[in-house]
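Peer 1: For reference, this is input01.txt, and it has compact mmCIF, C-alpha atoms.
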```txt
# COMPACT_ATOMS: atom_id res chain seq x y z
CA MET S 1 0.00 0.00 0.00
CA SER S 2 1.23 3.57 -0.57
CA GLY S 3 2.46 6.22 2.05
CA ARG S 4 1.37 6.23 5.66
CA LEU S 5 -1.92 8.03 6.09
CA THR S 6 -1.58 11.03 8.36
CA ARG S 7 -5.07 10.67 9.83
CA ALA S 8 -4.92 6.96 10.50
CA SER S 9 -5.59 6.09 14.12
CA ARG S 10 -5.13 2.99 16.22
CA MET S 11 -7.93 0.43 16.26
CA SER S 12 -10.11 0.59 19.32
CA VAL S 13 -11.30 -3.00 19.06
CA THR S 14 -9.37 -5.94 17.62
CA LEU S 15 -11.39 -7.94 15.10
CA GLY S 16 -11.00 -11.70 14.67
CA VAL S 17 -8.93 -12.49 11.60
CA LEU S 18 -6.96 -15.12 9.79
CA LEU S 19 -4.73 -13.64 7.10
CA ILE S 20 -4.31 -14.77 3.55
CA ILE S 21 -0.71 -14.16 2.45
CA VAL S 22 0.18 -13.98 -1.21
CA ILE S 23 3.37 -12.36 -2.38
CA GLY S 24 4.72 -11.99 -5.91
CA ALA S 25 7.78 -13.85 -7.07
CA GLY S 26 10.54 -13.65 -9.63
CA ARG S 27 14.06 -14.74 -10.52
CA PHE S 28 17.53 -13.47 -9.68
CA ALA S 29 18.95 -10.77 -11.88
CA SER S 30 21.65 -10.70 -14.47
CA PRO S 31 23.74 -7.52 -14.93
CA ALA S 32 21.75 -6.35 -17.96
CA PHE S 33 18.39 -6.92 -19.61
CA ALA S 34 18.34 -10.66 -20.24
CA GLU S 35 14.78 -10.56 -21.51
CA SER S 36 12.38 -7.74 -22.25
CA ILE S 37 9.84 -7.27 -19.49
CA ARG S 38 7.29 -6.11 -22.05
CA ALA S 39 7.78 -9.37 -23.94
CA GLN S 40 6.76 -11.23 -20.78
CA GLN S 41 3.48 -9.30 -20.44
CA TRP S 42 1.55 -12.02 -22.23
CA TYR S 43 -1.85 -10.58 -21.35
CA LEU S 44 -1.17 -7.35 -23.26
CA ASP S 45 -0.67 -9.42 -26.39
CA THR S 46 -3.80 -11.46 -25.65
CA TRP S 47 -5.72 -8.20 -25.31
CA LYS S 48 -4.08 -6.79 -28.49
CA ILE S 49 -3.30 -3.74 -26.43
CA ASP S 50 -1.60 -1.85 -29.28
CA ASP S 51 -4.94 -1.79 -31.11
CA VAL S 52 -6.70 -0.68 -27.92
CA TRP S 53 -4.25 2.19 -27.48
CA LYS S 54 -5.17 3.52 -30.91
CA THR S 55 -8.47 4.49 -29.30
CA THR S 56 -7.27 5.59 -25.86
CA ARG S 57 -4.42 5.25 -23.39
CA GLY S 58 -6.51 6.38 -20.43
CA ALA S 59 -5.75 10.10 -20.51
CA GLY S 60 -7.75 12.23 -18.10
CA VAL S 61 -8.39 9.47 -15.54
CA THR S 62 -6.78 9.23 -12.09
CA ILE S 63 -6.64 5.98 -10.13
CA ALA S 64 -6.09 6.00 -6.37
CA VAL S 65 -3.85 3.11 -5.32
CA ILE S 66 -4.31 2.30 -1.63
CA ASP S 67 -1.38 0.03 -0.96
CA SER S 68 2.19 -0.15 0.40
CA GLY S 69 3.27 3.04 -1.36
CA VAL S 70 4.55 3.83 -4.83
CA ASP S 71 8.19 4.37 -5.78
CA ALA S 72 7.78 7.38 -8.05
CA THR S 73 11.48 7.17 -9.04
CA HIS S 74 11.11 3.80 -10.78
CA LEU S 75 11.88 4.49 -14.45
CA ASP S 76 8.60 2.99 -15.60
CA LEU S 77 6.65 5.28 -13.23
CA VAL S 78 8.50 8.59 -13.55
CA GLY S 79 5.87 11.29 -14.05
CA GLN S 80 2.99 8.89 -13.48
CA THR S 81 2.17 9.62 -9.83
CA LEU S 82 0.36 12.64 -8.44
CA PRO S 83 1.06 14.27 -5.06
CA SER S 84 -1.08 12.93 -2.24
CA LEU S 85 -1.03 12.98 1.54
CA SER S 86 1.28 9.99 1.53
CA THR S 87 3.83 9.76 -1.28
CA SER S 88 6.99 8.96 0.67
CA GLY S 89 7.95 5.89 -1.29
CA ASP S 90 7.45 2.16 -0.96
CA VAL S 91 9.67 -0.13 1.10
CA GLU S 92 7.78 -3.31 0.27
CA GLY S 93 7.13 -2.95 -3.46
CA HIS S 94 3.56 -4.23 -3.72
CA GLY S 95 2.02 -0.80 -4.36
CA THR S 96 4.75 0.01 -6.88
CA GLY S 97 3.88 -3.17 -8.71
CA MET S 98 0.18 -2.39 -8.79
CA ALA S 99 0.84 1.14 -10.06
CA SER S 100 3.09 -0.22 -12.82
CA LEU S 101 0.36 -2.58 -14.03
CA ILE S 102 -2.04 0.35 -14.29
CA VAL S 103 0.06 3.26 -15.63
CA GLY S 104 3.57 1.91 -16.33
CA GLN S 105 5.41 3.60 -19.19
CA GLY S 106 7.88 0.82 -20.03
CA GLN S 107 10.73 3.33 -20.12
CA ALA S 108 13.46 1.17 -18.58
CA GLY S 109 15.91 -0.61 -20.88
CA GLY S 110 15.00 1.54 -23.86
CA GLY S 111 11.32 0.71 -23.81
CA GLN S 112 11.58 -2.84 -22.48
CA GLY S 113 10.09 -2.20 -19.04
CA VAL S 114 6.59 -2.70 -17.66
CA PHE S 115 3.72 -1.12 -19.58
CA GLY S 116 0.51 -0.44 -17.75
CA VAL S 117 -2.89 -1.05 -19.30
CA ALA S 118 -3.62 2.69 -19.17
CA PRO S 119 -0.25 4.46 -19.56
CA GLY S 120 -2.00 7.76 -20.26
CA ALA S 121 -3.70 7.77 -16.85
CA LYS S 122 -2.21 8.87 -13.51
CA VAL S 123 -1.92 7.24 -10.09
CA LEU S 124 -2.70 8.91 -6.77
CA PRO S 125 -0.96 6.81 -4.08
CA PHE S 126 -2.09 6.37 -0.49
CA ARG S 127 0.19 4.36 1.78
CA THR S 128 -1.55 2.70 4.69
CA ALA S 129 -0.17 2.33 8.18
CA PRO S 130 1.00 -1.11 9.37
CA GLY S 131 -1.28 -2.95 11.77
CA PRO S 132 -0.70 -5.50 14.53
CA ILE S 133 2.20 -7.90 13.96
CA GLY S 134 3.06 -6.14 10.72
CA GLY S 135 -0.38 -6.45 9.13
CA LEU S 136 -2.49 -3.69 7.63
CA ASP S 137 -4.46 -1.50 9.97
CA GLN S 138 -8.18 -1.51 9.17
CA THR S 139 -8.63 2.05 10.37
CA SER S 140 -5.83 3.14 8.06
CA LEU S 141 -7.43 1.33 5.13
CA ALA S 142 -10.77 2.97 5.86
CA GLU S 143 -9.08 6.38 6.08
CA GLY S 144 -7.33 5.74 2.78
CA VAL S 145 -10.64 4.99 1.08
CA ARG S 146 -12.24 8.12 2.54
CA LEU S 147 -9.32 10.30 1.47
CA ALA S 148 -9.43 8.81 -2.01
CA ALA S 149 -13.21 9.33 -2.10
CA ASP S 150 -12.65 13.06 -1.50
CA SER S 151 -9.87 13.24 -4.10
CA PRO S 152 -10.07 13.79 -7.89
CA ALA S 153 -9.49 10.07 -8.45
CA LYS S 154 -12.31 8.30 -10.29
CA ILE S 155 -11.15 4.76 -9.55
CA ILE S 156 -9.93 3.31 -6.25
CA ASN S 157 -7.75 0.19 -6.53
CA LEU S 158 -7.71 -2.07 -3.46
CA SER S 159 -5.39 -5.02 -4.01
CA VAL S 160 -5.92 -6.19 -0.44
CA GLY S 161 -8.12 -8.75 1.22
CA SER S 162 -9.19 -10.39 4.45
CA GLY S 163 -11.77 -12.87 5.69
CA THR S 164 -12.86 -10.39 8.36
CA TYR S 165 -15.80 -8.01 8.03
CA SER S 166 -15.00 -4.50 9.31
CA PRO S 167 -17.87 -2.05 9.96
CA ALA S 168 -15.50 0.92 9.65
CA PHE S 169 -14.12 -0.28 6.33
CA SER S 170 -17.62 -1.10 5.08
CA ASP S 171 -18.77 2.42 5.95
CA ALA S 172 -15.79 3.89 4.09
CA ILE S 173 -16.66 1.82 1.01
CA THR S 174 -20.25 3.05 1.16
CA TYR S 175 -18.98 6.63 1.44
CA ALA S 176 -16.73 6.23 -1.60
CA LEU S 177 -19.59 4.76 -3.63
CA SER S 178 -21.76 7.72 -2.66
CA LYS S 179 -19.05 9.99 -4.07
CA GLY S 180 -19.29 8.26 -7.44
CA LYS S 181 -16.06 6.25 -7.26
CA LEU S 182 -15.42 2.95 -9.02
CA LEU S 183 -13.94 0.56 -6.43
CA VAL S 184 -11.95 -2.40 -7.72
CA ALA S 185 -10.70 -5.01 -5.25
CA ALA S 186 -8.85 -8.31 -5.18
CA GLY S 187 -11.16 -11.32 -5.18
CA GLY S 188 -8.85 -13.24 -2.85
CA ASN S 189 -6.27 -16.02 -2.81
CA THR S 190 -7.03 -19.01 -0.60
CA PRO S 191 -6.77 -22.81 -0.58
CA GLU S 192 -9.47 -24.78 -2.33
CA ASP S 193 -11.08 -25.88 0.91
CA GLN S 194 -11.74 -22.27 1.83
CA ASN S 195 -13.79 -21.41 -1.25
CA GLY S 196 -17.00 -19.65 -0.37
CA VAL S 197 -15.58 -17.64 2.55
CA PRO S 198 -16.11 -13.95 1.67
CA VAL S 199 -13.00 -11.86 1.09
CA TYR S 200 -13.27 -8.17 1.99
CA PRO S 201 -13.30 -5.46 0.68
CA GLY S 202 -14.12 -7.36 -2.51
CA ALA S 203 -17.27 -8.79 -0.90
CA TYR S 204 -18.68 -5.43 0.21
CA PRO S 205 -21.76 -4.36 -1.81
CA GLY S 206 -20.99 -2.33 -4.89
CA VAL S 207 -17.30 -3.29 -5.18
CA LEU S 208 -16.00 -4.80 -8.42
CA SER S 209 -14.24 -7.92 -7.14
CA VAL S 210 -11.74 -9.56 -9.50
CA SER S 211 -10.33 -13.08 -9.47
CA ALA S 212 -7.19 -14.18 -11.30
CA VAL S 213 -6.87 -16.41 -14.38
CA ASN S 214 -3.86 -17.74 -16.28
CA ARG S 215 -3.02 -17.29 -19.95
CA GLU S 216 -5.31 -20.19 -20.89
CA GLY S 217 -8.22 -18.45 -19.19
CA SER S 218 -8.40 -21.03 -16.42
CA PRO S 219 -8.38 -20.05 -12.73
CA ALA S 220 -4.93 -19.08 -11.47
CA SER S 221 -3.14 -21.46 -9.13
CA ASN S 222 -4.46 -19.64 -6.05
CA SER S 223 -7.84 -18.38 -7.26
CA VAL S 224 -10.91 -18.51 -5.05
CA GLN S 225 -14.53 -19.26 -5.78
CA GLY S 226 -17.38 -17.26 -4.32
CA SER S 227 -20.55 -15.33 -5.07
CA TRP S 228 -18.72 -12.02 -4.56
CA ILE S 229 -16.53 -12.53 -7.67
CA SER S 230 -17.57 -10.02 -10.35
CA LEU S 231 -14.99 -10.55 -13.11
CA THR S 232 -11.74 -12.30 -13.86
CA ALA S 233 -8.55 -10.85 -15.30
CA PRO S 234 -4.99 -12.05 -15.92
CA GLY S 235 -3.24 -12.79 -12.64
CA GLN S 236 -0.69 -15.57 -13.07
CA ASP S 237 2.99 -15.02 -13.90
CA ILE S 238 2.55 -11.26 -14.16
CA PRO S 239 5.79 -9.23 -14.34
CA ARG S 240 5.64 -5.92 -12.49
CA ALA S 241 7.84 -3.19 -11.10
CA CYS S 242 9.13 -3.59 -7.54
CA VAL S 243 11.78 -2.17 -5.23
CA THR S 244 14.27 -5.05 -5.33
CA GLN S 245 17.73 -4.55 -6.83
CA THR S 246 16.55 -5.84 -10.21
CA HIS S 247 13.55 -3.47 -10.09
CA TYR S 248 11.16 -6.20 -11.30
CA CYS S 249 9.26 -9.10 -9.75
CA ARG S 250 6.70 -11.59 -10.99
CA GLY S 251 3.40 -12.06 -9.19
CA THR S 252 0.50 -14.49 -9.15
CA GLY S 253 -2.75 -13.53 -7.52
CA SER S 254 -5.85 -11.38 -7.55
CA SER S 255 -3.82 -8.28 -6.65
CA ASP S 256 -2.57 -8.19 -10.22
CA ALA S 257 -6.00 -9.01 -11.66
CA ALA S 258 -7.58 -6.12 -9.76
CA ALA S 259 -4.91 -3.64 -10.86
CA LEU S 260 -5.25 -4.64 -14.50
CA THR S 261 -9.03 -4.27 -14.28
CA SER S 262 -8.61 -0.79 -12.79
CA GLY S 263 -6.54 0.03 -15.85
CA VAL S 264 -9.24 -1.22 -18.20
CA GLY S 265 -11.79 0.84 -16.28
CA ALA S 266 -9.61 3.90 -16.86
CA LEU S 267 -9.59 3.21 -20.61
CA VAL S 268 -13.39 3.05 -20.71
CA TRP S 269 -13.83 6.17 -18.60
CA SER S 270 -11.33 8.05 -20.76
CA VAL S 271 -13.50 7.44 -23.84
CA HIS S 272 -16.74 8.13 -21.94
CA PRO S 273 -15.89 10.90 -19.44
CA ASP S 274 -19.57 11.73 -18.90
CA TRP S 275 -20.40 8.23 -17.63
CA THR S 276 -20.83 7.33 -13.98
CA ALA S 277 -18.95 4.57 -12.20
CA ASN S 278 -22.12 2.47 -12.40
CA GLN S 279 -22.11 2.72 -16.18
CA VAL S 280 -18.44 1.83 -16.42
CA ILE S 281 -19.10 -1.25 -14.29
CA ARG S 282 -22.05 -2.20 -16.48
CA ARG S 283 -19.93 -1.90 -19.63
CA LEU S 284 -17.20 -4.10 -18.16
CA LEU S 285 -19.72 -6.75 -17.08
CA ASP S 286 -21.69 -6.73 -20.32
CA THR S 287 -18.63 -7.04 -22.56
CA ALA S 288 -16.76 -9.67 -20.54
CA ASN S 289 -15.86 -12.88 -22.34
CA ARG S 290 -18.35 -15.38 -21.00
CA PRO S 291 -17.25 -18.73 -19.52
CA ASN S 292 -18.80 -22.00 -20.67
CA GLU S 293 -21.23 -21.97 -17.76
CA PRO S 294 -24.11 -19.79 -16.59
CA VAL S 295 -23.19 -16.40 -15.20
CA PRO S 296 -22.66 -15.06 -12.69
CA SER S 297 -20.37 -17.93 -11.83
CA ASP S 298 -18.64 -18.43 -8.49
CA THR S 299 -15.44 -19.06 -10.42
CA PHE S 300 -15.56 -16.45 -13.18
CA GLY S 301 -18.19 -13.94 -12.13
CA TYR S 302 -19.59 -12.49 -15.35
CA GLY S 303 -16.50 -13.50 -17.30
CA ALA S 304 -13.06 -12.23 -18.29
CA VAL S 305 -12.63 -8.51 -18.72
CA SER S 306 -12.04 -7.50 -22.36
CA PRO S 307 -10.60 -4.04 -23.14
CA ARG S 308 -11.30 -4.30 -26.87
CA LYS S 309 -14.92 -5.33 -26.46
CA ALA S 310 -15.49 -2.74 -23.75
CA LEU S 311 -14.27 0.05 -26.02
CA ALA S 312 -15.94 -1.26 -29.18
CA ALA S 313 -19.42 -1.66 -27.71
CA THR S 314 -21.94 0.97 -28.76
CA ASP S 315 -25.00 -0.03 -26.73
CA THR S 316 -26.34 1.95 -23.81
CA PRO S 317 -24.37 1.49 -20.57
CA GLY S 318 -27.49 1.32 -18.43
CA PRO S 319 -28.87 3.77 -15.86
CA ALA S 320 -26.39 6.18 -14.35
CA ASP S 321 -27.67 5.77 -10.80
CA VAL S 322 -27.87 1.95 -10.55
CA ASN S 323 -24.84 -0.03 -9.45
CA PRO S 324 -25.28 -3.45 -11.12
CA LEU S 325 -23.29 -5.10 -8.32
CA ILE S 326 -25.55 -4.09 -5.45
CA GLY S 327 -27.33 -7.16 -4.18
CA VAL S 328 -24.59 -9.51 -5.39
CA ARG S 329 -22.46 -9.87 -2.27
CA GLY S 330 -23.21 -12.90 -0.13
CA ASP S 331 -25.74 -14.32 -2.60
CA LYS S 332 -26.48 -14.37 -6.29
CA PRO S 333 -27.46 -11.04 -7.84
CA THR S 334 -31.12 -10.30 -8.22
CA THR S 335 -30.43 -8.56 -11.51
CA ALA S 336 -27.59 -9.60 -13.78
CA PRO S 337 -26.22 -8.48 -17.14
CA THR S 338 -27.77 -10.47 -19.95
CA THR S 339 -25.90 -13.66 -20.80
CA ALA S 340 -27.37 -14.31 -24.23
CA ALA S 341 -26.29 -10.95 -25.64
CA PRO S 342 -23.32 -9.59 -23.69
CA ASN S 343 -23.62 -6.13 -25.23
CA THR S 344 -27.22 -5.64 -24.12
CA PRO S 345 -27.36 -4.46 -20.52
CA SER S 346 -30.25 -5.28 -18.25
CA ALA S 347 -32.43 -2.28 -17.53
CA ALA S 348 -33.97 -3.67 -14.38
CA ALA S 349 -32.71 -2.28 -11.09
CA PRO S 350 -31.38 -4.78 -8.55
CA ALA S 351 -32.99 -5.18 -5.17
CA ALA S 352 -31.55 -3.22 -2.26
CA PRO S 353 -28.77 -5.07 -0.41
CA SER S 354 -29.43 -6.66 2.92
CA GLN S 355 -28.46 -4.56 5.93
CA THR S 356 -27.57 -7.61 7.99
CA THR S 357 -23.97 -7.45 9.18
CA PRO S 358 -22.03 -10.39 7.70
CA PRO S 359 -20.43 -12.76 10.20
CA VAL S 360 -16.71 -12.72 10.83
CA ALA S 361 -15.02 -15.43 8.77
CA ALA S 362 -11.50 -16.78 9.11
CA PRO S 363 -10.21 -18.58 6.00
CA ALA S 364 -7.01 -20.58 6.22
CA ALA S 365 -3.80 -18.97 5.03
CA LYS S 366 -1.77 -20.31 2.15
CA SER S 367 0.83 -18.65 -0.01
CA ASP S 368 1.43 -18.50 -3.74
CA ASP S 369 2.55 -21.79 -5.24
CA GLY S 370 5.39 -20.07 -7.12
CA ASN S 371 5.03 -21.99 -10.39
CA ASN S 372 7.58 -21.26 -13.13
CA LEU S 373 9.95 -19.52 -10.71
CA LEU S 374 13.60 -20.51 -10.33
CA VAL S 375 14.52 -19.24 -6.88
CA PRO S 376 12.40 -19.21 -3.70
CA ILE S 377 10.99 -15.88 -2.51
CA LEU S 378 9.89 -14.74 0.87
CA VAL S 379 6.49 -16.39 1.13
CA GLY S 380 5.09 -16.07 4.61
CA THR S 381 2.17 -17.96 5.99
CA ILE S 382 0.98 -16.54 9.28
CA ALA S 383 -2.33 -17.42 10.78
CA ALA S 384 -3.74 -15.37 13.59
CA ALA S 385 -7.21 -16.02 14.89
CA ALA S 386 -8.87 -13.88 17.51
CA LEU S 387 -12.45 -13.51 18.64
CA VAL S 388 -13.32 -10.32 20.48
CA ALA S 389 -16.42 -9.48 22.50
CA GLY S 390 -16.21 -5.77 23.32
CA ALA S 391 -12.64 -5.22 24.43
CA ALA S 392 -12.04 -8.76 25.72
CA VAL S 393 -9.92 -11.09 23.64
CA ILE S 394 -11.11 -14.66 24.04
CA THR S 395 -8.57 -16.61 22.00
CA MET S 396 -5.51 -15.99 19.92
CA ARG S 397 -3.19 -18.28 18.12
CA ARG S 398 -0.12 -17.45 16.09
CA ARG S 399 2.02 -19.60 13.87
CA ARG S 400 5.59 -18.69 12.90
CA ALA S 401 6.24 -17.57 9.34
CA ARG S 402 8.15 -19.86 7.05
CA GLU S 403 10.89 -17.83 5.40
CA LEU S 404 12.19 -18.53 1.96
CA ALA S 405 14.49 -16.32 -0.11
CA ARG S 406 12.74 -13.68 -2.18
CA ARG S 407 12.89 -14.02 -5.95
CA GLN S 408 13.50 -11.39 -8.58
CA LEU S 409 13.08 -11.46 -12.34
CA ALA S 410 16.19 -12.13 -14.40
CA VAL S 411 16.43 -8.59 -15.71
CA ALA S 412 18.41 -5.69 -14.36
CA PRO S 413 17.86 -2.58 -16.49
CA PRO S 414 20.73 -0.19 -17.09
CA TRP S 415 19.58 2.50 -14.67
CA PRO S 416 21.11 5.96 -15.16
CA THR S 417 22.38 5.83 -11.58
CA ALA S 418 23.34 2.97 -9.32
CA PRO S 419 20.23 1.09 -8.14
CA PRO S 420 19.38 1.37 -4.44
CA ALA S 421 20.30 -1.43 -2.11
CA PRO S 422 17.58 -4.08 -1.77
CA PRO S 423 15.16 -2.89 0.91
CA THR S 424 14.53 -4.83 4.05
CA TYR S 425 11.43 -6.86 3.36
CA HIS S 426 8.54 -5.95 5.65
CA HIS S 427 6.58 -9.12 6.23
CA HIS S 428 2.85 -8.58 6.62
CA GLY S 429 1.40 -11.27 8.79
CA GLY S 430 -1.04 -11.30 11.65
CA GLY S 431 -2.81 -8.05 10.87
CA PRO S 432 -6.41 -7.71 9.77
CA TYR S 433 -5.71 -7.24 6.05
CA ASP S 434 -3.27 -8.66 3.56
CA ARG S 435 -2.17 -7.66 0.12
CA ARG S 436 -3.57 -10.04 -2.43
```
Now, as a test, write the supplied structure out as C-alpha cells.

Peer 2:
Amino acid sequence: MSGRLTRASRMSVTLGVLLIIVIGAGRFASPAFAESIRAQQWYLDTWKIDDVWKTTRGAGVTIAVIDSGVDATHLDLVGQTLPSLSTSGDVEGHGTGMASLIVGQGQAGGGQGVFGVAPGAKVLPFRTAPGPIGGLDQTSLAEGVRLAADSPAKIINLSVGSGTYSPAFSDAITYALSKGKLLVAAGGNTPEDQNGVPVYPGAYPGVLSVSAVNREGSPASNSVQGSWISLTAPGQDIPRACVTQTHYCRGTGSSDAAALTSGVGALVWSVHPDWTANQVIRRLLDTANRPNEPVPSDTFGYGAVSPRKALAATDTPGPADVNPLIGVRGDKPTTAPTTAAPNTPSAAAPAAPSQTTPPVAAPAAKSDDGNNLLVPILVGTIAAAALVAGAAVITMRRRRARELARRQLAVAPPWPTAPPAPPTYHHHGGGPYDRR
C-alpha cells in the first residue's frame, strides 16, 4: 500500500482475523536486460493492447492506489504519480507493482520495461499504516478509502483482502460509492477448501471484485470461488515493477488481476468521461468474455474482462444511478447483465442489499505456489485467529512464518544511476488485512 496516512488512528477493538498471504515472485537478476519485461506481459498481447491504445491510453483518468506506497522514481513510473497525503515511497514494493500494471510507461531498458494497461492515466498513491504484527491496519485502510473518495481520483484500486468483516471499512466503502467512485478489489487467494468464505473489501456491496486467471483463461493457481466474484482478469505469472535490486518481480494472484481491471476501467472512462462509475461497471460486465457456464459464476463472475470489447461496444451502458453489483455480495445477484447478448445491458434495477452485518469469517492462510519460478521468494504464511467481544480477547493463536528467499526477475535494467540497495522486506502477517 502507498504512504502512511496522516489521519490513520489505532484500532479501538481488535477484530478476529486469519490472514491470507500472497506475495509476488521472480528470478535473480543478471547484470543487464536478459529478456524484455514487455515481452513477458503475455496478457497485453492477448488483449491486443496496441490496437486498444489507438483508441485511448486512459488520458484524463486518475486511479487512487491504496497500498504499500509507490516508488515514483522507478523508471517505468517517472511522471505517473500525483502528489497525495502519503507519497513517501514504498519499502515493500507491492504498491509500486500495482501502479506499474495500471500506468507503467515501459521506459526502462530503452522501452523494455513494464507497460501499464492505461499508460495515459495517472496514479494517486495512499500508503496505509501497518497494523498489529506487521499487518495492515483496518482504520488506516478505511481512512485511505475516505481520502481517495474526496480526491479527484475516479477509480480506487484495493489489491488487499481479508476474511474479516469491518464495519468501519464497510462504511468507508459506502462513502466512496456515494461519491461516485469505481472501487476495484482483489477477489482473494485461498486454498481450495476455503472457497466460499467472503474476502473483503471485494465482498462489500458495490465493489468490483476480480479473481485471477492464467493465460489459458483457467483459474490461477491460487484463485478462489465465491458469489462475490464479479470478473476475472490475468493474474498468473505477471511481471511488475518492484523495489528489489533488479527493479522487477513476478506475481501471481488477484492483486494483479484487480490492478489490470482498474486500468481497463480507466480506458473506458477516458473514452466516456460523462459516464458514472455504475455505467463503467455495467460496460465491463456486459462485454466480458463469458465462460462455458451460466453467469454469474462463483469461479468467473460475469466472465473475463475484455478491453477491446469494452471500447468497441456501442450499446447503452445502463442507468447512471444503478450499481449493477448491489445485491450480489453474499448471494447471487437479483439482476444480472444479460448472458445471451453480452452487449445488451439489463435495464432492471437490482434489489436493495441486505443490511444484515455479515459474520466474521477466518479462511485458512496459504501462499502463492510459485510456479515457473527458479529461486524461492519470501512467502510467509501466518495465521492469527482472535475472537473479540467488546474489548475482551477470548482466544488468539499465532504460527511462525516460514521464510524462503525472495525471488526477482532475471532482468536488471541499465539504470542511469546505481540502483538502491535491496530494501529490508517488511513481512505482513497477523494483521487484519493482507495484500492479495

Peer 1: Each residue of region 83-143 of chain S lying at most 12 Å from region 191-215 of chain S should get a row with its shortest atom-to-atom pair and the distance in Å to one decimal, counting all atoms listed in the file; could you produce that, ordered by chain and increasing number, as a tab-separated table?

Peer 2:
```
residue	atom	partner	partner_atom	distance
S:Gln138	CA	S:Pro201	CA	10.7
S:Leu141	CA	S:Pro201	CA	10.0
S:Ala142	CA	S:Pro201	CA	10.2
```

Peer 1: Go through S:Ala129, S:Met98, S:Ala176, S:Ala288 one by one, measure the shortest atom-to-atom distance of each to Ser254 (chain S) using only C-alpha atoms, and give the residue with the smallest value.

Peer 2: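 Nearest candidate to Ser254 (chain S) out of S:Ala129, S:Met98, S:Ala176, S:Ala288: S:Met98.
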
Peer 1: Edge lengths and centre in Å to one decimal, as lines of an AutoDock Vina configuration file, is what I'm after for the box along x, y and z that holds all listed atoms of region 102-120 of chain S once 4 Å is added on each side.

Peer 2:
```
center_x = 6.1
center_y = 2.5
center_z = -19.1
size_x = 27.5
size_y = 18.6
size_z = 17.6
```

Peer 1: Considering all atoms listed in the file, return as a PyMOL selection string whatever protein or nucleic-acid residues lie within 8 Å of Asn157 (chain S), sequence-local ones (same chain, fewer than 4 positions apart) excluded.

Peer 2: chain S and resi 63-66+183-185+258-259+262

Peer 1: Excluding Ala72 (chain S) and its own-chain neighbours fewer than 6 positions away, which residues fall within 8 Å of it when counting all atoms listed in the file? Please give them as a PyMOL selection string.

Peer 2: chain S and resi 78-81+89

Peer 1: With only C-alpha atoms as the atoms that count, which of S:Arg38, S:Arg290, S:Arg146, S:Lys54 lies nearest to Leu101 (chain S)?

Peer 2: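 Closest candidate: S:Arg38.
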
Peer 1: Just to confirm, what's the straight-line distance from CA of Ser297 (chain S) to CA of Ser230 (chain S) in Å (one decimal)?

Peer 2: 8.5 Å

Peer 1: How many Å lie between CA of Ser36 (chain S) and CA of Lys48 (chain S), rounded to one decimal?

Peer 2: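 Interatomic distance, CA of Ser36 (chain S) to CA of Lys48 (chain S): 17.6 Å.
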
Peer 1: For each of S:Pro83, S:Gly116, S:Gly187, S:Gly217, take the minimum atom-to-atom distance to Ala153 (chain S), counting only C-alpha atoms, then give the residue where this is smallest.

Peer 2: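 Looking at the shortest contact to Ala153 (chain S), the residue is S:Pro83.
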
Peer 1: Can you take the partial region 246-257 of chain S, add N, CA and C atoms, and return it as a PDB file, keeping the file's coordinate frame?

Peer 2:
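Below is the file selection01.pdb, written as the result:
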```pdb
ATOM      1  N   THR S 246      16.799  -5.684  -8.777  1.00  0.00           N
ATOM      2  CA  THR S 246      16.550  -5.840 -10.210  1.00  0.00           C
ATOM      3  C   THR S 246      15.436  -4.926 -10.706  1.00  0.00           C
ATOM      4  N   HIS S 247      14.653  -4.387  -9.788  1.00  0.00           N
ATOM      5  CA  HIS S 247      13.550  -3.470 -10.090  1.00  0.00           C
ATOM      6  C   HIS S 247      12.307  -4.148 -10.654  1.00  0.00           C
ATOM      7  N   TYR S 248      12.316  -5.480 -10.776  1.00  0.00           N
ATOM      8  CA  TYR S 248      11.160  -6.200 -11.300  1.00  0.00           C
ATOM      9  C   TYR S 248      10.933  -7.493 -10.529  1.00  0.00           C
ATOM     10  N   CYS S 249       9.659  -7.834 -10.356  1.00  0.00           N
ATOM     11  CA  CYS S 249       9.260  -9.100  -9.750  1.00  0.00           C
ATOM     12  C   CYS S 249       8.139  -9.697 -10.586  1.00  0.00           C
ATOM     13  N   ARG S 250       7.831 -10.953 -10.318  1.00  0.00           N
ATOM     14  CA  ARG S 250       6.700 -11.590 -10.990  1.00  0.00           C
ATOM     15  C   ARG S 250       5.701 -12.031  -9.941  1.00  0.00           C
ATOM     16  N   GLY S 251       4.430 -11.740 -10.170  1.00  0.00           N
ATOM     17  CA  GLY S 251       3.400 -12.060  -9.190  1.00  0.00           C
ATOM     18  C   GLY S 251       2.332 -12.977  -9.743  1.00  0.00           C
ATOM     19  N   THR S 252       1.668 -13.671  -8.835  1.00  0.00           N
ATOM     20  CA  THR S 252       0.500 -14.490  -9.150  1.00  0.00           C
ATOM     21  C   THR S 252      -0.544 -14.245  -8.082  1.00  0.00           C
ATOM     22  N   GLY S 253      -1.705 -13.778  -8.490  1.00  0.00           N
ATOM     23  CA  GLY S 253      -2.750 -13.530  -7.520  1.00  0.00           C
ATOM     24  C   GLY S 253      -3.754 -12.491  -7.986  1.00  0.00           C
ATOM     25  N   SER S 254      -4.783 -12.306  -7.180  1.00  0.00           N
ATOM     26  CA  SER S 254      -5.850 -11.380  -7.550  1.00  0.00           C
ATOM     27  C   SER S 254      -5.453  -9.923  -7.376  1.00  0.00           C
ATOM     28  N   SER S 255      -4.337  -9.646  -6.698  1.00  0.00           N
ATOM     29  CA  SER S 255      -3.820  -8.280  -6.650  1.00  0.00           C
ATOM     30  C   SER S 255      -3.599  -7.765  -8.060  1.00  0.00           C
ATOM     31  N   ASP S 256      -2.883  -8.574  -8.853  1.00  0.00           N
ATOM     32  CA  ASP S 256      -2.570  -8.190 -10.220  1.00  0.00           C
ATOM     33  C   ASP S 256      -3.832  -8.072 -11.070  1.00  0.00           C
ATOM     34  N   ALA S 257      -4.750  -9.029 -10.894  1.00  0.00           N
ATOM     35  CA  ALA S 257      -6.000  -9.010 -11.660  1.00  0.00           C
ATOM     36  C   ALA S 257      -6.800  -7.745 -11.380  1.00  0.00           C
TER      37      ALA S 257
END
```
